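Visitor: A single structure is presented below for examination.
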Amino acid sequence: MTNPIINSALTGTARNAGVTDDAVFSAQTELPAQRAFVVQFTGNSAIEHGQFTGSVAHVLSGLRRRFHSLPELMAFITEAVAQNEGAR
């Protein structure tokens, strides 16, 4: 099953050209540790309906947070990346 929220991360051009998700991912040349996260969804998350609950941890710093929506998850990721990139 596909999710329009997650699928929007792929460009329309890549999807329309028949490029697979794996091909888009393997085209990435750099996966820096300061941008690595572990995300765990609760058993009652209904991702297919846009209901995201769980916890997220920033691998490099060890910071963790519970989230109850996609905006909360994205806010934590944005904050953690900004803090780490500002510390360089």
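Chain lettering (A, B, ...) mirrors the order of the structure tokens, residue numbering begins at 1 for each chain separately, and ligand numbering begins at 1 in order of display.
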I want to know what sits within 12 Å of stretch 37-48 of chain A, based on only C-alpha atoms, with residues of the same chain fewer than 4 positions away left out; could you give that as a PyMOL selection string?

Guide: chain A and resi 1-7+31-33+52-70+73-74+76-78+80-81

Visitor: With N, CA and C atoms kept, could you save the residues just selected as a CSV table (one decimal), in the first residue's frame?

Guide:
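Heads up, here's the output in result-v9.csv:
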chain,number,residue,atom,x,y,z
A,1,MET,N,0.8,-1.2,0.0
A,1,MET,CA,0.0,0.0,0.0
A,1,MET,C,0.9,1.2,0.0
A,2,THR,N,0.5,2.2,-0.8
A,2,THR,CA,1.3,3.4,-0.8
A,2,THR,C,0.6,4.5,0.0
A,3,ASN,N,1.4,5.4,0.5
A,3,ASN,CA,1.0,6.5,1.3
A,3,ASN,C,1.3,7.8,0.6
A,4,PRO,N,0.3,8.7,0.3
A,4,PRO,CA,0.6,9.9,-0.5
A,4,PRO,C,1.5,10.9,0.3
A,5,ILE,N,1.5,10.8,1.6
A,5,ILE,CA,2.4,11.7,2.4
A,5,ILE,C,3.8,11.3,2.2
A,6,ILE,N,4.1,10.0,2.3
A,6,ILE,CA,5.4,9.5,2.1
A,6,ILE,C,5.9,9.5,0.7
A,7,ASN,N,5.0,9.2,-0.2
A,7,ASN,CA,5.3,9.2,-1.7
A,7,ASN,C,5.6,10.6,-2.2
A,31,LEU,N,25.2,9.8,3.1
A,31,LEU,CA,24.2,9.6,4.2
A,31,LEU,C,24.9,9.9,5.5
A,32,PRO,N,25.0,11.2,5.8
A,32,PRO,CA,25.8,11.6,7.0
A,32,PRO,C,25.2,11.1,8.3
A,33,ALA,N,26.0,10.7,9.3
A,33,ALA,CA,25.5,10.2,10.6
A,33,ALA,C,24.7,11.3,11.3
A,52,PHE,N,0.2,9.2,12.9
A,52,PHE,CA,1.5,8.8,13.3
A,52,PHE,C,1.8,9.0,14.7
A,53,THR,N,2.0,7.9,15.5
A,53,THR,CA,2.4,8.0,16.9
A,53,THR,C,3.6,7.1,17.1
A,54,GLY,N,4.5,7.5,18.0
A,54,GLY,CA,5.6,6.7,18.3
A,54,GLY,C,6.7,7.4,19.0
A,55,SER,N,8.0,7.0,18.7
A,55,SER,CA,9.1,7.7,19.3
A,55,SER,C,10.2,7.8,18.2
A,56,VAL,N,11.0,8.8,18.4
A,56,VAL,CA,12.1,9.0,17.4
A,56,VAL,C,13.4,9.3,18.2
A,57,ALA,N,14.5,8.8,17.7
A,57,ALA,CA,15.8,9.1,18.4
A,57,ALA,C,16.8,9.6,17.3
A,58,HIS,N,17.5,10.6,17.7
A,58,HIS,CA,18.6,11.0,16.8
A,58,HIS,C,19.9,10.2,17.1
A,59,VAL,N,20.4,9.5,16.2
A,59,VAL,CA,21.4,8.5,16.4
A,59,VAL,C,22.7,9.1,17.0
A,60,LEU,N,23.1,10.2,16.4
A,60,LEU,CA,24.4,10.8,16.9
A,60,LEU,C,24.4,11.4,18.3
A,61,SER,N,23.3,12.1,18.6
A,61,SER,CA,23.2,12.8,19.9
A,61,SER,C,22.5,12.0,21.0
A,62,GLY,N,21.7,11.0,20.6
A,62,GLY,CA,21.0,10.2,21.5
A,62,GLY,C,19.7,10.9,22.0
A,63,LEU,N,19.4,12.1,21.5
A,63,LEU,CA,18.1,12.8,21.8
A,63,LEU,C,17.0,12.0,21.4
A,64,ARG,N,15.9,11.9,22.2
A,64,ARG,CA,14.7,11.1,21.9
A,64,ARG,C,13.5,12.0,22.2
A,65,ARG,N,12.4,11.6,21.5
A,65,ARG,CA,11.1,12.3,21.7
A,65,ARG,C,10.0,11.4,21.3
A,66,ARG,N,8.9,11.5,22.0
A,66,ARG,CA,7.6,10.8,21.6
A,66,ARG,C,6.9,11.8,20.7
A,67,PHE,N,6.2,11.3,19.7
A,67,PHE,CA,5.4,12.1,18.8
A,67,PHE,C,4.0,11.6,18.6
A,68,HIS,N,3.1,12.4,18.3
A,68,HIS,CA,1.7,12.0,18.2
A,68,HIS,C,1.1,12.5,16.8
A,69,SER,N,2.0,13.0,16.0
A,69,SER,CA,1.6,13.4,14.6
A,69,SER,C,2.8,13.5,13.7
A,70,LEU,N,2.6,13.6,12.4
A,70,LEU,CA,3.7,13.7,11.5
A,70,LEU,C,4.4,15.1,11.7
A,73,LEU,N,6.8,14.8,14.6
A,73,LEU,CA,8.0,14.0,14.2
A,73,LEU,C,8.9,14.8,13.3
A,74,MET,N,8.4,15.5,12.4
A,74,MET,CA,9.2,16.4,11.5
A,74,MET,C,9.8,17.5,12.2
A,76,PHE,N,10.8,17.5,15.4
A,76,PHE,CA,12.0,17.0,16.1
A,76,PHE,C,13.2,16.8,15.2
A,77,ILE,N,12.9,16.2,14.0
A,77,ILE,CA,14.0,15.9,13.0
A,77,ILE,C,14.6,17.2,12.6
A,78,THR,N,13.8,18.2,12.3
A,78,THR,CA,14.3,19.5,11.9
A,78,THR,C,15.2,20.1,13.0
A,80,ALA,N,16.8,18.6,15.5
A,80,ALA,CA,18.0,17.8,15.8
A,80,ALA,C,19.0,18.1,14.7
A,81,VAL,N,18.6,18.1,13.4
A,81,VAL,CA,19.5,18.4,12.3
A,81,VAL,C,20.1,19.8,12.5
